[in-house]
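Note sheet for the following structure.
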Amino acid sequence: MSHLVILEGLRKEYDGITAVKSVDLTIGRGEFVVLLGPSGSGKTTLLSMLGGFIEPTAGRILIDGADMAGVSPALRPTATVFQDYALFPHMNVANNVGFGLTMHGIRGPERKRRIEETLALVGLEDFAKRGIHQLSGGQRQRIALARAIAVQPTVLLLDEPLGALDLALRRQMQEELVHIQREVGMTFIHVTHNQEEAMAIADR
Ligand code: ADP
Ligand code: MG
C-alpha cells in the first residue's frame, strides 16, 4: 500500500508541556486508522497539526507526497469533524454543508448537487432547510460529518466525533461511519479515548 500520510518526528510543546512527543506514523490510502488514548494524551493536538490549525514544534507532515509546512487549513487536502461539531448556528443545514464548497469556489448547481448527495449519504436528505437549533445531537453530528465530507478531502480527520452521543446512538453511528468510509473511499484518521469504539471501527 502506498503511504498517503507520513508523520516524521512530529512534536508539539507548549511552555513546559509536551503535548505530542515525537510521533512517527505512516498511513495508507483508504485506511480507517484510529488513534486510541486517554484524555490529555495529545489526540486533539495531533489532529490539529494534521489539519493545519496548530504549527508543530518539530517534525514533518507529508500528505500525498507534499510537505504541509506553512500550508493553511483551507489549502490542505484534509477536512475535520470537530469534537464539539462547530456548526454555524445562524446558517441552515444546507448552508452548513455547503460552506466548504463555497470556500473552494464551488457554486450554483454543482454546489446544490453536492449538498444533496452528501445529505443523502448521512441520511438527512429532508433536512436541508432546517435550522441547526432544530436538530438533535445525533443529527448535528451527521451534519458535521456531511460538511467535512462535502469538500471531498483526501483525508478526513475525526476528533472524538461520537463522544457526545448516548450508547445506542454511538453504536449505530460506529457502523454508519464504517459504511460511509467504504462508500466514499477516503482515508479516515479518527481519535478516541473509547477502546470499544476503536476496536469496532478501525482497520488499524
Ligand atoms: P487529548 O485530545 O488527547 O485529550 P490534547 O491534545 O487536547 O489531548 O492535549 C494534550 C496535552 O497538551 C494536555 O496536557 C493539554 O493540557 C496540553 N495542551 C493542549 N493545548 C494546549 C495549549 N494551547 N496550551 C498549553 N497546553 C496545551
Ligand atoms: Mg481532545
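Labeling convention for the C-alpha cells: chains A, B, ... as they appear, residues from 1 per chain, ligands from 1 in order of appearance.
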request  = Name each residue within 8 Å of ligand 2, counting only C-alpha atoms and all ligand atoms, as a PyMOL selection string.
outcome  = chain A and resi 39-40+42-45+83+159-160+192
Can you write just those residues out, N, CA, C and O atoms, as a short mmCIF file (atom, residue, chain, number, x, y, z; two decimals), in the first residue's frame?
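New file selection15.cif:
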```cif
data_model
loop_
_atom_site.label_atom_id
_atom_site.label_comp_id
_atom_site.auth_asym_id
_atom_site.auth_seq_id
_atom_site.Cartn_x
_atom_site.Cartn_y
_atom_site.Cartn_z
N SER A 39 -7.71 10.91 27.84
CA SER A 39 -7.81 12.35 27.81
C SER A 39 -6.45 12.95 28.17
O SER A 39 -5.79 12.50 29.10
N GLY A 40 -6.01 13.93 27.41
CA GLY A 40 -4.73 14.60 27.68
C GLY A 40 -3.54 13.96 27.01
O GLY A 40 -2.41 14.41 27.18
N GLY A 42 -2.83 13.89 23.85
CA GLY A 42 -2.34 14.63 22.69
C GLY A 42 -3.09 14.38 21.39
O GLY A 42 -2.64 14.76 20.32
N LYS A 43 -4.26 13.74 21.48
CA LYS A 43 -5.01 13.39 20.27
C LYS A 43 -5.47 14.62 19.50
O LYS A 43 -5.27 14.71 18.28
N THR A 44 -6.09 15.57 20.20
CA THR A 44 -6.58 16.78 19.52
C THR A 44 -5.42 17.58 18.95
O THR A 44 -5.50 18.10 17.83
N THR A 45 -4.33 17.66 19.69
CA THR A 45 -3.15 18.40 19.22
C THR A 45 -2.61 17.77 17.93
O THR A 45 -2.28 18.48 16.97
N GLN A 83 -14.75 17.89 17.67
CA GLN A 83 -15.37 17.23 18.81
C GLN A 83 -16.70 17.89 19.19
O GLN A 83 -17.66 17.20 19.51
N ASP A 159 -12.29 14.07 15.37
CA ASP A 159 -11.87 14.23 16.77
C ASP A 159 -13.00 13.81 17.70
O ASP A 159 -13.91 14.59 17.97
N GLU A 160 -12.95 12.58 18.19
CA GLU A 160 -13.97 12.03 19.08
C GLU A 160 -15.38 12.43 18.63
O GLU A 160 -16.16 12.97 19.41
N THR A 192 -10.01 8.74 19.56
CA THR A 192 -10.99 8.50 20.61
C THR A 192 -10.29 8.02 21.88
O THR A 192 -9.17 7.51 21.83
#
```
request  = Set the cut-off to 12 Å, count only C-alpha atoms and all ligand atoms, and list whatever residues fall near ligand 1 as an MDAnalysis selection string.
outcome  = chainID A and resid 11:21 35:49 53:55 82:83 158:161 163 190:194
inquiry  = Quick one: residues within 7 Å of Thr80 in chain A, only C-alpha atoms, excluding same-chain residues fewer than 3 positions away - as a PyMOL selection string?
reply    = chain A and resi 51+148+156-158
Go ahead and save the residues from that selection, with C-alpha atoms, as a CSV table (one decimal), in the first residue's frame.
```
chain,number,residue,atom,x,y,z
A,51,GLY,CA,-5.4,19.9,9.8
A,148,ALA,CA,-16.5,17.7,6.2
A,156,LEU,CA,-10.9,13.1,6.9
A,157,LEU,CA,-9.9,13.9,10.5
A,158,LEU,CA,-12.4,13.0,13.2
```
ask   = Would you give me, as a VMD selection string, the residues in chain A that DSSP reads as strand (DSSP E or B)?
value = chain A and resid 3 to 14 17 to 28 32 to 36 58 to 63 66 to 67 78 to 81 92 131 155 to 159 187 to 192
ask   = What lies within 10 Å of Ile149 in chain A using only C-alpha atoms, ignoring chain neighbours under 2 positions off, as a PyMOL selection string?
value = chain A and resi 78-81+97+100+114-115+118-119+121-122+143-147+151-156+180-181+184+186
ask   = If you run DSSP on this backbone, which residues of range 13-170 of chain A come out as alpha helix (DSSP H), and could you give them as a ChimeraX atom specification?
value = /A:43-51,93-103,108-121,137-150,167-170
key: A:Val5, A:Ala94, A:Val34, A:Leu50 ranked by distance to Ala198 in chain A, top pick (using only C-alpha atoms)   =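 Between A:Val5, A:Ala94, A:Val34, A:Leu50, the residue approaching Ala198 in chain A most closely is A:Val34.
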remark   = In Å and to one decimal, CA of Arg130 in chain A is distant from CA of Lys112 in chain A by 15.5 Å
note = A straight line from CA of Glu116 in chain A to CA of Thr187 in chain A spans 22.1 Å
task = Could you jot down the CA of Gly30 in chain A to CA of Glu183 in chain A separation for me, Å, one decimal place?
result =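 These two atoms are separated by 10.6 Å.
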